[in-house]
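Structure, as structure tokens:
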Amino acid sequence: MDLPSISRSGLPLNAGAPDATQREQQLQEAARAFESIFLQQMMKAGRNTELGDDLFGSSAVDTTRDLLDEAVTNSATNGPGLGIAEAVYDQFAPHVLGRGYKR
């Protein structure tokens with residue numbers, strides 16, 4: 001059984017740096033994930049506000065609301081989103097893809 005040599009960073013020694021298209025895809029995925037998490041936290045904070053006694057309060061209702069919030073935010077970020085992912089991408093692209101990068 002052949003095992004790859006591992007560097008100090010924990011990556012295989014023969015694993016080269018990702019090329020520009022892989023880095024661009026990784027940055028796009030990270031930006032979308034950030035937007036999704038950001039929206040989930042906003043929705044969670046909005047749900048935590050209490051206007052009165054909860055008539056249907058239970059852990060099952062809370063879990064269902066969390067799942068609904070997650071589905072809504074994933075749906076929103078997989079579409080055009082709110083522009084947060086695009087702003088994050090534009091902010092980090094010159095650092096990740098190179099100084100001369102322009103969209």
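As shown in the structure tokens, the chain order sets the letters A, B, ...; within each chain, residues go from 1, and ligands are also counted from 1 in the order they appear.
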
Excluding same-chain residues fewer than 3 positions from A:Phe34, what lies within 12 Å of it counting only C-alpha atoms, as a PyMOL selection string?
chain A and resi 27-31+37-41+73-74+77+81-89

Taking C-alpha atoms for each residue, export the selection above as a compact mmCIF listing (two decimals), in the first residue's frame.
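Result file is again_21.txt:
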# COMPACT_ATOMS: atom_id res chain seq x y z
CA LEU A 27 -13.11 32.11 -3.65
CA GLN A 28 -16.59 32.16 -5.23
CA GLU A 29 -17.70 29.23 -3.05
CA ALA A 30 -16.29 30.87 0.09
CA ALA A 31 -18.02 34.17 -0.74
CA ILE A 37 -24.02 32.17 6.98
CA PHE A 38 -24.52 35.93 7.27
CA LEU A 39 -28.17 35.64 6.19
CA GLN A 40 -28.75 32.68 8.53
CA GLN A 41 -27.43 34.71 11.46
CA THR A 73 -30.96 31.40 2.97
CA ASN A 74 -29.49 28.63 0.80
CA THR A 77 -27.65 32.68 -2.01
CA GLY A 81 -28.35 36.70 -3.66
CA LEU A 82 -28.14 40.07 -1.97
CA GLY A 83 -24.79 41.07 -3.42
CA ILE A 84 -22.81 40.28 -0.28
CA ALA A 85 -21.01 37.36 -1.95
CA GLU A 86 -20.10 39.55 -4.91
CA ALA A 87 -18.73 42.26 -2.61
CA VAL A 88 -16.67 39.71 -0.65
CA TYR A 89 -15.37 38.22 -3.90

Would you work out the distance separating atom CA of A:Asp90 from atom CA of A:Met43, expressed in Å to one decimal?
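Between atom CA of A:Asp90 and atom CA of A:Met43 the gap is 24.9 Å.
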
Could you list, as a list in words, every residue within 12 Å of A:Glu24, counting only C-alpha atoms and ignoring same-chain residues fewer than 6 positions away?
Pro18, Ala30, Ala31, Tyr89, Asp90, Phe92, Ala93, Pro94, His95, Val96, Leu97, Gly98, Tyr101 and Arg103 of chain A

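Nearest-residue note for A:Asn78: choosing from A:Lys44, A:Arg65, A:Gln91, A:Ser36, the minimum distance belongs to A:Ser36, counting only C-alpha atoms.
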
Interatomic distance, atom CA of A:Leu67 to atom CA of A:Ala45 (Å, one decimal):
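Answer for the atom CA of A:Leu67 to atom CA of A:Ala45 separation: 14.6 Å.
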